[in-house]
Amino acid sequence: MTIRFDNPDRPNSYIGKTVPRPNARKLVEGRGRYVDDIVLPRMVHVAFVRSPLAHARIEGIDAAAATGVKGVLRVFTGADLAAVCTPWVGVLAHLKGLKSPPQNALAVDRACWVGEAVAAVVATSRAAAEEGAALVEVDYDPLPAVTDTMSALDADTPVIHPGLGDNLAFRRLHEEGDVEAAMASAHKVVSARFRTARHTGVTPEPRSILVDWNPAESQLTAWHATQAPHMMQSVLAEHLDIPESRVRVICGDVGGSYGIKVHVYPDEVATAAIAKVMGRPVKFIADRLESFTTDIHARDHEIEAKIAVAKDGKILAIDVDDWTGIGPYSVYPRTSAIEGNQVVNLCGGPYDFANYRARTTVVFQNKTPTCQYRAVGHPIAVAITEGLVDMAAAAIGMDPVEIRRRNMYADDAYPVTSPAKMRFEGLSHHASMDKLLTLMDYDALRADQAEAMKRGKRRGIGIASFIELTNPSPFMYGIGGARISAQDGCTVRMDPDGSVVALSGVTEQGQGTEAMLSQVVAEGVGVTPEKVRVITGDTQVTPYGGGTWASRGAGIGGEAALQAARALRHSILEVAGAMLQADAGSLDIRDGQVVNADTGAARLPLEELGRIVYFRGDTLPKGLPRELVQTRHFITMDYPFAFTNGVQASYIEVDTDTGVVTLLKHWCVEDCGRVINPQLVDEQIRGGIVQGLGGALYEEIHYDTDGQLLNGSMADYLVPMAAEMPDMVIGHVETPTLESDLGAKGAGEAGTAGAPAAVMNAINDALRPLGAQVTEMPFTPERILRALGTITD
Amino acid sequence: MKASAGGYARANDVPHALQLLALAGAAGRILAGGQSLVAAMNMRLSDGDMLVDITRIGALRGVTDTGDSLHIGALTRHAEVGTDPLIRTHAPLLTEAVHHIAHAAIRNRGTIGGALAHADPAAEFPACAVALGAVIHAEGPEGARQILAEDFFEGVFTTALAENEILTAISVPKADAAETQIMEEVARRGGDYALTGLCLVRRAAGHRVAVFSAGPAPVLARAAMAALDAGDIDGAVAALQAELDPPSDTQASAGYRRHIAGVLLRRAVERSGGQGA
């Protein structure tokens, strides 16, 4: 039986409706349970001694003074932990040529970035551990630091890892058609240089892990703020030499992740290793300064790009040369080549054109490692593409909406394969653009812009179409050899009181995964959402799964939940049929009651069915299946990824005296397929937009040429804050994926993907009459004034 | 990080606080609102501090009209400064400044005395004090003394206050009838420290201009003031930019700050209703 999604009045119609989040009250009342809230008997704390130099040989470590601090129990060096924890290498087989040296939990012999952990101090309190860490004497012999991306491969640049031969981690060139010929014969060729700043994710809850080793059970238990508990189970088992079945990862409440908490961090693995050595629970909670130097960074790209267009605005060719510096190691196990790879995959994404060349060059540096952060590669690719398209439009005197109209894939063109060889099942660029223009009243906004100009106000409108990669198949990581599940599972059971428990392999980091699961299961079984309790984040309890990343929670985890719920419904009706001596097919479950499907007349409450099954099973026919628990798994098979699409618009005002950009309003229309919970999706989009706006206007990690991090605090790494955020209008077009009954694709990253490009185009729309253009993010007041030529020194 | 304080004692009154401070020696730190000190301690930028908590000394709090000037107790919170009717009437520059200072939680705790004694070059209140020609009141073992604001701020986080002294109050001359007081600043986000800010006071005796976040201490821009007195706004902007030697940092370069100071001066003069003089 399929769900009639087109009928909003169908019974149990929770999919597609805004239902309350089951965990919202708990979180709002401060009754969540984060890792730092957990206190175990005999628990100790670890603090790390971190390298103050970007690159240095470790000549010696003297811990004598540290061990004398009251409360300090033990100090571990890299060599100590290397004896119990094997190193890892962050490469994947399908990223051909990607290389990275072995990385240890604590640096052995050599520190390669400011903040890399070189020793660990364990004490009875965090304060004592820090006291001890301050007294550990490390004898560093400074080595030259590599900090510039573009010169990393130059002959006179030192090689960070001599064993690798050079500083090149990964390079990929993709060519389709004949770019040179298309450029040579084009009506106009526009080129530009783009730069996206180094960011980090700044989760409200810092990275946190608490690990206990119980020698009597030979079991390691890690309470971990992570997006991927099963991946971490596999990693800890492998590197600490414990059978996978003897590692349990528990992921309770998590205070935001944005991709930051999906990676393997050396200090977290060190914490686990120390717990195993000491045989007692060890807690590590990163503080904010540690977060800035050790949470993954992202988005540090420099790009030269060109677009060729015909007189009528048709895109003839796009040529992209992308460079990124990833720090000294490719991050394990997802690697630091994915972001550059995504830039190659995603540039030109919305457009039907023939000639495409893109190269990414990924180099090592002595800075914090970079890796996947919300909307991996998307904001970069969208900024390049949409920036070029707007510049091309200006060059031929065409309206930015019109040039997009002339190039976007037609809504009936699908399935289609892009010049980057991405396969699109079904997108809605034109319908989304139609809706956007209606929502923003494009013509009225242009009139307002002109009116403002008369008052001396420089306002600009920016449009950015985008595609977003969601619901990844094993083509993302699995084929490269990583033990990262693309499949996910859900177990749904009915308890004697008629309530339902759903155990899912996808995880909740505050974004509402559990709300989404509760309403899918509620509709699938036929109970109200408050009758569904959702359990996620425990490798010993939930079905095996990948967790929550790459916008897969709803599309993959949601479908597994729907299938499991439908299976449970079937089992319940089979029992009900026997009890009521009716054909199961004539019955339905609605609001927790077995009813006659045709009339809706109540026949049997689920709690009565539960009472009979669990306590008076003797009264049921022998041989009647009574499996009130069902598990289903789901994996996408037809497409490597479920692409979504959308379009954003930004309206801004530039103060050309000060360079300050004020965000006036923002719009986003996106198509994530079936919308399960409209409010959750809208807030995902808004939150994503905010992170994108941060990249456009505020966020930038600064290093000096010695590799010293210059802004490692919330006072000078500027995240977007409420006062500067514009009103955001969100709209949807729904093109469900046909790969699942649920039809949901991901919605978590669309906002971040498109917002920076929309703002860039809006600023340039405002500046264009003055002959100025900005392409280096964030667009600080100073960069605006330099583009205007106001300051030149 | 966890703070590593050397000790803590609560003072009952100013003599008691001075006594505690003397006992603490070089490690002594006055704890008032704690909005800079505690943050520094939590990053272990400062450790072993012997904290002398003055927050319970009622005599250091509140605003009184002393005839020609307002006496503002050191413990008066930013939020209280922002809503005080006497200040709004007689020193509106301080009222306006509060809108630029950080966020509500910080304004509810931070004190004007703490902000002045901390002497952050990017902070609003020190520049206001200089622009207004305020007087800083200090008490030490040798007794009380008064220091003109423009002599008080010596450099980054350094003032004329001796190690064994406590800043007890600031007195601000009451604005004359036609006086205008204006603050302009540019910050990356609301509540951030200014990239550069400027206070303009236009009173019968002449213009006063103080610039902040453009040097190690608030800059009293005397040449710009003289040009404004002469009615020469272009000359004032040029003079101001020549008087500044701003720093470059991750937020803005010296060149940007110098340029912005000129923009802010023009805006302030325009808001004050004219070309000056």
# chains A, B, ... in the order shown; residues from 1 in each chain; ligands from 1

$ closest_atom_pairs --of "chain A" --to "chain B" --cutoff "7 Å" --atoms "only C-alpha atoms" --output "JSON lines"
{"residue": "A:Ala127", "atom": "CA", "partner": "B:Lys2", "partner_atom": "CA", "distance": 5.4}
{"residue": "A:Asp287", "atom": "CA", "partner": "B:Met1", "partner_atom": "CA", "distance": 6.0}
{"residue": "A:Asp657", "atom": "CA", "partner": "B:Val263", "partner_atom": "CA", "distance": 6.7}
{"residue": "A:Thr658", "atom": "CA", "partner": "B:Ile260", "partner_atom": "CA", "distance": 6.3}
{"residue": "A:His702", "atom": "CA", "partner": "B:Thr250", "partner_atom": "CA", "distance": 6.9}
{"residue": "A:Ala723", "atom": "CA", "partner": "B:Gly190", "partner_atom": "CA", "distance": 6.6}
{"residue": "A:Glu724", "atom": "CA", "partner": "B:Arg189", "partner_atom": "CA", "distance": 6.8}
{"residue": "A:Glu782", "atom": "CA", "partner": "B:Tyr256", "partner_atom": "CA", "distance": 6.2}
{"residue": "A:Ile791", "atom": "CA", "partner": "B:Tyr256", "partner_atom": "CA", "distance": 6.8}
{"residue": "A:Asp793", "atom": "CA", "partner": "B:Gly255", "partner_atom": "CA", "distance": 6.4}

$ residues_around --residues "B:Ala205" --least-positions-apart "6" --cutoff "12 Å" --atoms "only C-alpha atoms" --output "list in words"
Leu132, Gly133, Ala175, Asp176, Ala178, Glu179, Met225, Ala226, Asp229 and Ala277 of chain B

$ write_last_selection --atoms "N, CA and C atoms" --output "short mmCIF file (atom, residue, chain, number, x, y, z; two decimals), in the first residue's frame"
data_model
loop_
_atom_site.label_atom_id
_atom_site.label_comp_id
_atom_site.auth_asym_id
_atom_site.auth_seq_id
_atom_site.Cartn_x
_atom_site.Cartn_y
_atom_site.Cartn_z
N LEU B 132 34.84 64.21 26.58
CA LEU B 132 34.03 65.05 27.47
C LEU B 132 34.89 65.89 28.41
N GLY B 133 36.17 65.63 28.46
CA GLY B 133 37.03 66.32 29.41
C GLY B 133 36.72 65.88 30.84
N ALA B 175 26.79 69.04 30.14
CA ALA B 175 26.74 69.69 28.83
C ALA B 175 26.11 71.07 28.96
N ASP B 176 26.68 72.03 28.22
CA ASP B 176 26.03 73.35 28.24
C ASP B 176 24.81 73.31 27.32
N ALA B 178 23.70 74.49 24.54
CA ALA B 178 23.71 74.26 23.09
C ALA B 178 24.65 73.12 22.69
N GLU B 179 25.15 72.43 23.67
CA GLU B 179 26.18 71.43 23.38
C GLU B 179 25.61 70.23 22.62
N MET B 225 40.38 69.37 16.07
CA MET B 225 39.51 70.23 16.89
C MET B 225 39.71 71.70 16.50
N ALA B 226 40.97 72.08 16.32
CA ALA B 226 41.26 73.46 15.97
C ALA B 226 40.67 73.80 14.60
N ASP B 229 37.03 74.21 14.95
CA ASP B 229 36.75 75.52 15.58
C ASP B 229 36.82 76.63 14.52
N ALA B 277 32.18 75.38 14.45
CA ALA B 277 32.40 76.74 14.93
C ALA B 277 31.12 77.41 15.46
#

$ closest_residue --among "A:Ile572, A:Ala696, A:Val376, A:Val654" --to "A:Pro605" --atoms "only C-alpha atoms"
A:Ile572

$ select_by_dssp --residues "stretch 91-222 of chain B" --states "helix (DSSP H, G or I)" --output "PyMOL selection string"
chain B and resi 92-100+104-107+112-118+124-132+149-152+222

$ write_last_selection --atoms "C-alpha atoms" --output "JSON list (two decimals), in the first residue's frame"
[["chain", "number", "residue", "atom", "x", "y", "z"],
["B", 92, "PRO", "CA", 24.24, 62.04, 26.31],
["B", 93, "LEU", "CA", 27.48, 60.84, 24.73],
["B", 94, "LEU", "CA", 27.66, 58.14, 27.39],
["B", 95, "THR", "CA", 24.05, 57.15, 26.74],
["B", 96, "GLU", "CA", 24.78, 56.78, 23.05],
["B", 97, "ALA", "CA", 28.01, 54.92, 23.74],
["B", 98, "VAL", "CA", 26.20, 52.22, 25.68],
["B", 99, "HIS", "CA", 24.28, 51.24, 22.54],
["B", 100, "HIS", "CA", 27.59, 50.35, 20.92],
["B", 104, "ALA", "CA", 22.94, 42.96, 26.93],
["B", 105, "ALA", "CA", 24.49, 40.28, 29.14],
["B", 106, "ILE", "CA", 27.80, 42.10, 29.15],
["B", 107, "ARG", "CA", 26.21, 45.52, 29.68],
["B", 112, "ILE", "CA", 32.15, 52.07, 33.75],
["B", 113, "GLY", "CA", 35.02, 52.11, 36.23],
["B", 114, "GLY", "CA", 36.17, 48.73, 35.01],
["B", 115, "ALA", "CA", 36.06, 49.85, 31.39],
["B", 116, "LEU", "CA", 38.08, 52.97, 32.19],
["B", 117, "ALA", "CA", 40.66, 51.18, 34.35],
["B", 118, "HIS", "CA", 41.02, 48.35, 31.81],
["B", 124, "GLU", "CA", 33.97, 53.39, 23.94],
["B", 125, "PHE", "CA", 33.99, 54.78, 27.48],
["B", 126, "PRO", "CA", 37.68, 55.82, 27.62],
["B", 127, "ALA", "CA", 37.24, 57.86, 24.43],
["B", 128, "CYS", "CA", 34.03, 59.36, 25.81],
["B", 129, "ALA", "CA", 35.87, 60.40, 28.97],
["B", 130, "VAL", "CA", 38.58, 62.07, 26.90],
["B", 131, "ALA", "CA", 36.13, 63.79, 24.59],
["B", 132, "LEU", "CA", 34.03, 65.05, 27.47],
["B", 149, "ALA", "CA", 40.96, 61.80, 31.41],
["B", 150, "GLU", "CA", 43.28, 62.92, 28.64],
["B", 151, "ASP", "CA", 46.22, 62.32, 30.98],
["B", 152, "PHE", "CA", 44.83, 59.05, 32.30],
["B", 222, "ARG", "CA", 43.72, 68.55, 18.81]]

$ residues_around --residues "A:Tyr329" --least-positions-apart "4" --cutoff "12 Å" --atoms "only C-alpha atoms" --output "ChimeraX atom specification"
/A:87-91,98-104,107,111-113,116,160-161,164,167-170,264-266,296,325,333-337,362-371

$ write_last_selection --atoms "N, CA and C atoms" --output "compact mmCIF listing (two decimals), in the first residue's frame"
# COMPACT_ATOMS: atom_id res chain seq x y z
N PRO A 87 48.81 4.16 13.80
CA PRO A 87 48.52 5.38 13.03
C PRO A 87 47.55 5.09 11.90
N TRP A 88 47.02 6.15 11.35
CA TRP A 88 46.08 6.03 10.24
C TRP A 88 46.53 6.89 9.07
N VAL A 89 45.97 6.57 7.91
CA VAL A 89 46.31 7.30 6.70
C VAL A 89 45.01 7.71 6.01
N GLY A 90 44.85 9.01 5.82
CA GLY A 90 43.59 9.54 5.28
C GLY A 90 43.53 9.53 3.77
N VAL A 91 43.47 8.35 3.19
CA VAL A 91 43.32 8.27 1.73
C VAL A 91 42.14 7.36 1.40
N LEU A 98 45.65 10.35 -4.36
CA LEU A 98 45.63 11.02 -3.06
C LEU A 98 46.66 10.37 -2.14
N LYS A 99 47.51 11.20 -1.55
CA LYS A 99 48.49 10.66 -0.62
C LYS A 99 48.50 11.47 0.66
N SER A 100 48.86 10.81 1.74
CA SER A 100 48.95 11.45 3.04
C SER A 100 49.81 10.56 3.92
N PRO A 101 50.60 11.16 4.79
CA PRO A 101 51.46 10.33 5.64
C PRO A 101 50.68 9.73 6.80
N PRO A 102 51.24 8.72 7.45
CA PRO A 102 50.60 8.17 8.65
C PRO A 102 50.49 9.26 9.72
N GLN A 103 49.36 9.26 10.41
CA GLN A 103 49.13 10.24 11.46
C GLN A 103 48.88 9.51 12.77
N ASN A 104 49.52 9.99 13.82
CA ASN A 104 49.39 9.36 15.13
C ASN A 104 48.44 10.15 16.03
N ALA A 107 51.45 13.60 18.27
CA ALA A 107 52.59 13.74 17.36
C ALA A 107 53.79 12.95 17.89
N ALA A 111 55.90 18.02 15.11
CA ALA A 111 54.60 18.68 15.12
C ALA A 111 54.44 19.44 13.82
N CYS A 112 53.23 19.37 13.25
CA CYS A 112 53.04 19.91 11.89
C CYS A 112 52.03 21.04 11.80
N TRP A 113 51.39 21.41 12.91
CA TRP A 113 50.58 22.63 12.88
C TRP A 113 50.44 23.17 14.29
N GLU A 116 48.60 21.11 17.19
CA GLU A 116 48.69 19.66 17.16
C GLU A 116 49.10 19.15 18.55
N ILE A 160 56.94 19.27 3.23
CA ILE A 160 56.55 19.00 4.62
C ILE A 160 56.83 17.54 5.00
N HIS A 161 56.45 16.63 4.10
CA HIS A 161 56.69 15.21 4.37
C HIS A 161 57.66 14.69 3.31
N LEU A 164 56.98 11.76 1.04
CA LEU A 164 55.96 11.81 -0.01
C LEU A 164 56.49 12.45 -1.29
N ASN A 167 54.65 18.42 -1.95
CA ASN A 167 53.53 18.87 -1.10
C ASN A 167 52.17 18.67 -1.77
N LEU A 168 52.14 17.89 -2.84
CA LEU A 168 50.87 17.66 -3.52
C LEU A 168 50.14 16.49 -2.89
N ALA A 169 48.96 16.76 -2.35
CA ALA A 169 48.16 15.68 -1.77
C ALA A 169 47.31 15.01 -2.83
N PHE A 170 46.73 15.83 -3.71
CA PHE A 170 45.77 15.28 -4.67
C PHE A 170 45.59 16.26 -5.80
N VAL A 264 37.69 11.89 12.34
CA VAL A 264 38.49 11.27 13.38
C VAL A 264 39.53 12.28 13.85
N TYR A 265 39.45 12.65 15.11
CA TYR A 265 40.37 13.63 15.66
C TYR A 265 41.41 12.94 16.52
N PRO A 266 42.68 13.28 16.30
CA PRO A 266 43.75 12.60 17.03
C PRO A 266 43.56 12.67 18.55
N ILE A 296 38.29 20.71 12.44
CA ILE A 296 38.68 20.86 11.05
C ILE A 296 38.34 22.26 10.54
N GLY A 325 44.59 24.49 0.19
CA GLY A 325 45.59 23.99 1.13
C GLY A 325 44.88 23.33 2.30
N PRO A 333 38.59 9.35 8.21
CA PRO A 333 38.83 8.51 7.04
C PRO A 333 38.20 9.08 5.78
N ARG A 334 37.59 10.27 5.87
CA ARG A 334 36.84 10.79 4.71
C ARG A 334 37.74 11.54 3.75
N THR A 335 38.90 11.88 4.21
CA THR A 335 39.95 12.55 3.43
C THR A 335 39.67 14.04 3.21
N SER A 336 40.73 14.75 2.95
CA SER A 336 40.64 16.19 2.70
C SER A 336 40.66 16.53 1.21
N ALA A 337 40.48 15.50 0.38
CA ALA A 337 40.42 15.75 -1.06
C ALA A 337 38.99 15.91 -1.54
N VAL A 362 45.27 20.03 -4.55
CA VAL A 362 45.13 19.98 -3.10
C VAL A 362 46.52 19.82 -2.49
N VAL A 363 46.95 20.82 -1.74
CA VAL A 363 48.35 20.80 -1.26
C VAL A 363 48.42 20.77 0.26
N PHE A 364 49.55 20.27 0.72
CA PHE A 364 49.80 20.25 2.17
C PHE A 364 50.34 21.60 2.63
N GLN A 365 50.02 21.92 3.88
CA GLN A 365 50.52 23.14 4.51
C GLN A 365 50.69 22.86 6.01
N ASN A 366 51.34 23.79 6.70
CA ASN A 366 51.45 23.67 8.16
C ASN A 366 50.39 24.54 8.82
N LYS A 367 49.15 24.12 8.61
CA LYS A 367 48.01 24.78 9.26
C LYS A 367 47.07 23.67 9.74
N THR A 368 46.04 24.07 10.45
CA THR A 368 45.07 23.07 10.91
C THR A 368 44.50 22.32 9.70
N PRO A 369 44.38 20.99 9.81
CA PRO A 369 43.82 20.23 8.69
C PRO A 369 42.40 20.70 8.32
N THR A 370 42.13 20.64 7.03
CA THR A 370 40.77 20.96 6.58
C THR A 370 40.04 19.68 6.20
N CYS A 371 38.74 19.73 6.25
CA CYS A 371 37.96 18.57 5.82
C CYS A 371 36.51 19.01 5.61

$ residues_around --residues "stretch 15-19 of chain B" --least-positions-apart "6" --cutoff "9 Å" --atoms "only C-alpha atoms" --output "list in words"
Ala9, Ile30, Val52, Asp53, Ile54, Glu139, Gly140, Pro141, Asn164, Glu165 and Ile166 of chain B

$ write_last_selection --atoms "N, CA and C atoms" --output "tab-separated table (two decimals), in the first residue's frame"
chain	number	residue	atom	x	y	z
B	9	ALA	N	39.15	37.81	47.66
B	9	ALA	CA	38.64	38.40	48.91
B	9	ALA	C	37.64	39.48	48.55
B	30	ILE	N	41.64	44.15	40.79
B	30	ILE	CA	40.30	44.56	41.22
B	30	ILE	C	39.27	43.82	40.37
B	52	VAL	N	40.43	41.11	44.26
B	52	VAL	CA	39.82	41.94	45.30
B	52	VAL	C	38.46	42.38	44.75
B	53	ASP	N	37.42	41.76	45.29
B	53	ASP	CA	36.07	41.97	44.78
B	53	ASP	C	35.47	43.22	45.42
B	54	ILE	N	35.24	44.23	44.60
B	54	ILE	CA	34.71	45.49	45.14
B	54	ILE	C	33.21	45.66	44.86
B	139	GLU	N	41.65	56.40	44.42
B	139	GLU	CA	42.04	56.41	45.83
B	139	GLU	C	43.14	55.39	46.04
B	140	GLY	N	44.12	55.81	46.85
B	140	GLY	CA	45.23	54.92	47.16
B	140	GLY	C	45.64	55.12	48.61
B	141	PRO	N	46.68	54.46	48.99
B	141	PRO	CA	47.15	54.57	50.38
B	141	PRO	C	47.48	56.01	50.76
B	164	ASN	N	48.60	50.31	43.41
B	164	ASN	CA	47.90	50.23	44.71
B	164	ASN	C	46.71	51.18	44.79
B	165	GLU	N	46.27	51.68	43.64
B	165	GLU	CA	45.13	52.60	43.62
B	165	GLU	C	43.88	51.92	43.06
B	166	ILE	N	42.74	52.49	43.45
B	166	ILE	CA	41.46	52.03	42.91
B	166	ILE	C	40.77	53.19	42.23

$ atom_distance --atom1 "atom CA of A:Gln540" --atom2 "atom CA of A:Val247"
8.5 Å

$ atom_distance --atom1 "atom CA of A:Gly558" --atom2 "atom CA of A:Asn7"
19.9 Å

$ closest_residue --among "A:Glu217, A:Ile484, A:Asp741, A:His55" --to "A:Pro158" --atoms "only C-alpha atoms"
A:His55

$ select_by_dssp --residues "stretch 174-268 of chain A" --states "strand (DSSP E)" --output "number ranges by chain"
A: 174-176, 188-196, 199-200, 208-214, 219-224, 247-250

$ write_last_selection --atoms "N, CA and C atoms" --output "compact mmCIF listing (two decimals), in the first residue's frame"
# COMPACT_ATOMS: atom_id res chain seq x y z
N HIS A 174 39.34 17.22 -14.76
CA HIS A 174 38.19 16.66 -15.49
C HIS A 174 37.98 17.49 -16.74
N GLU A 175 37.88 16.82 -17.87
CA GLU A 175 37.67 17.54 -19.13
C GLU A 175 36.53 16.94 -19.90
N GLU A 176 35.68 17.79 -20.41
CA GLU A 176 34.53 17.34 -21.21
C GLU A 176 34.41 18.32 -22.38
N LYS A 188 31.90 36.16 -26.00
CA LYS A 188 32.58 36.82 -24.87
C LYS A 188 33.20 35.75 -23.97
N VAL A 189 34.37 36.05 -23.49
CA VAL A 189 34.99 35.23 -22.45
C VAL A 189 35.25 36.14 -21.26
N VAL A 190 34.78 35.73 -20.11
CA VAL A 190 34.97 36.51 -18.89
C VAL A 190 35.76 35.65 -17.92
N SER A 191 36.79 36.25 -17.34
CA SER A 191 37.56 35.48 -16.36
C SER A 191 37.57 36.22 -15.04
N ALA A 192 37.78 35.47 -13.98
CA ALA A 192 37.81 36.07 -12.65
C ALA A 192 38.61 35.18 -11.72
N ARG A 193 39.06 35.83 -10.65
CA ARG A 193 39.81 35.13 -9.63
C ARG A 193 38.97 35.18 -8.37
N PHE A 194 38.68 34.02 -7.81
CA PHE A 194 37.85 33.96 -6.61
C PHE A 194 38.68 33.45 -5.43
N ARG A 195 38.26 33.86 -4.26
CA ARG A 195 38.91 33.33 -3.08
C ARG A 195 37.85 33.12 -2.01
N THR A 196 37.87 31.93 -1.40
CA THR A 196 36.99 31.69 -0.25
C THR A 196 37.89 31.50 0.97
N HIS A 199 37.44 28.63 6.95
CA HIS A 199 36.39 28.69 7.98
C HIS A 199 36.57 27.54 8.96
N THR A 200 35.82 27.62 10.04
CA THR A 200 35.60 26.43 10.84
C THR A 200 34.15 26.45 11.29
N SER A 208 33.60 16.61 22.10
CA SER A 208 33.54 16.02 23.44
C SER A 208 33.58 14.50 23.33
N ILE A 209 34.36 13.88 24.20
CA ILE A 209 34.36 12.42 24.24
C ILE A 209 34.69 11.96 25.65
N LEU A 210 34.04 10.91 26.04
CA LEU A 210 34.30 10.27 27.33
C LEU A 210 34.41 8.78 27.04
N VAL A 211 35.55 8.20 27.39
CA VAL A 211 35.78 6.80 27.02
C VAL A 211 36.10 5.99 28.27
N ASP A 212 35.46 4.83 28.35
CA ASP A 212 35.74 3.92 29.47
C ASP A 212 36.16 2.57 28.90
N TRP A 213 37.15 2.00 29.52
CA TRP A 213 37.58 0.65 29.15
C TRP A 213 37.30 -0.25 30.33
N ASN A 214 36.48 -1.26 30.10
CA ASN A 214 36.20 -2.22 31.17
C ASN A 214 36.96 -3.51 30.88
N GLN A 219 35.60 -4.47 27.03
CA GLN A 219 34.75 -3.60 26.20
C GLN A 219 35.11 -2.14 26.39
N LEU A 220 35.19 -1.47 25.27
CA LEU A 220 35.43 -0.02 25.26
C LEU A 220 34.09 0.67 24.99
N THR A 221 33.75 1.62 25.85
CA THR A 221 32.53 2.40 25.63
C THR A 221 32.91 3.86 25.49
N ALA A 222 32.48 4.46 24.39
CA ALA A 222 32.78 5.87 24.15
C ALA A 222 31.48 6.65 24.07
N TRP A 223 31.30 7.61 24.99
CA TRP A 223 30.21 8.57 24.85
C TRP A 223 30.79 9.71 24.03
N HIS A 224 30.22 9.94 22.89
CA HIS A 224 30.93 10.76 21.92
C HIS A 224 29.95 11.70 21.22
N VAL A 247 33.44 -2.66 20.93
CA VAL A 247 33.47 -1.20 21.02
C VAL A 247 32.04 -0.71 20.91
N ARG A 248 31.65 0.06 21.89
CA ARG A 248 30.30 0.63 21.88
C ARG A 248 30.42 2.15 21.86
N VAL A 249 29.82 2.76 20.87
CA VAL A 249 29.83 4.22 20.79
C VAL A 249 28.42 4.72 21.05
N ILE A 250 28.31 5.60 22.04
CA ILE A 250 27.01 6.15 22.41
C ILE A 250 27.03 7.64 22.13

$ closest_residue --among "B:Ile57, B:Gly155, B:Val269, B:Ile170" --to "B:Val219" --atoms "only C-alpha atoms"
B:Gly155

$ residues_around --residues "stretch 502-510 of chain A" --least-positions-apart "2" --cutoff "7 Å" --atoms "only C-alpha atoms" --output "VMD selection string"
chain A and resid 227 253 to 257 488 to 493 500 512 to 514 532 to 537 542 to 548 553 557

$ write_last_selection --atoms "C-alpha atoms" --output "mmCIF file, in the first residue's frame"
data_model
loop_
_atom_site.group_PDB
_atom_site.id
_atom_site.type_symbol
_atom_site.label_atom_id
_atom_site.label_comp_id
_atom_site.auth_asym_id
_atom_site.auth_seq_id
_atom_site.Cartn_x
_atom_site.Cartn_y
_atom_site.Cartn_z
ATOM 1 C CA GLN A 227 27.629 12.302 13.664
ATOM 2 C CA ASP A 253 22.538 14.869 22.749
ATOM 3 C CA VAL A 254 24.905 16.730 20.480
ATOM 4 C CA GLY A 255 25.093 20.494 20.399
ATOM 5 C CA GLY A 256 25.493 21.071 16.694
ATOM 6 C CA SER A 257 27.893 19.406 14.298
ATOM 7 C CA ASP A 488 20.895 2.811 7.107
ATOM 8 C CA GLY A 489 18.472 0.847 9.166
ATOM 9 C CA CYS A 490 15.551 1.267 11.490
ATOM 10 C CA THR A 491 13.923 -1.112 13.929
ATOM 11 C CA VAL A 492 10.360 -0.330 14.930
ATOM 12 C CA ARG A 493 8.585 -2.224 17.672
ATOM 13 C CA VAL A 500 6.041 2.432 19.408
ATOM 14 C CA GLY A 512 15.362 17.505 14.419
ATOM 15 C CA THR A 513 16.237 14.054 13.067
ATOM 16 C CA GLU A 514 14.228 12.445 15.829
ATOM 17 C CA VAL A 532 6.619 7.106 19.103
ATOM 18 C CA ARG A 533 9.839 7.204 21.082
ATOM 19 C CA VAL A 534 12.950 7.479 18.955
ATOM 20 C CA ILE A 535 16.303 6.070 20.000
ATOM 21 C CA THR A 536 19.397 6.980 18.042
ATOM 22 C CA GLY A 537 23.113 6.999 18.579
ATOM 23 C CA THR A 542 20.383 0.631 16.933
ATOM 24 C CA PRO A 543 20.607 -0.993 13.517
ATOM 25 C CA TYR A 544 23.896 -0.448 11.744
ATOM 26 C CA GLY A 545 24.048 2.764 9.788
ATOM 27 C CA GLY A 546 26.048 5.678 8.566
ATOM 28 C CA GLY A 547 24.772 8.385 10.851
ATOM 29 C CA THR A 548 23.922 11.885 9.792
ATOM 30 C CA GLY A 553 19.188 11.602 7.591
ATOM 31 C CA GLY A 557 17.162 7.075 7.520
#

$ closest_residue --among "B:Leu60, B:Asp120, B:Leu228, B:Leu23" --to "B:Leu37" --atoms "only C-alpha atoms"
B:Asp120
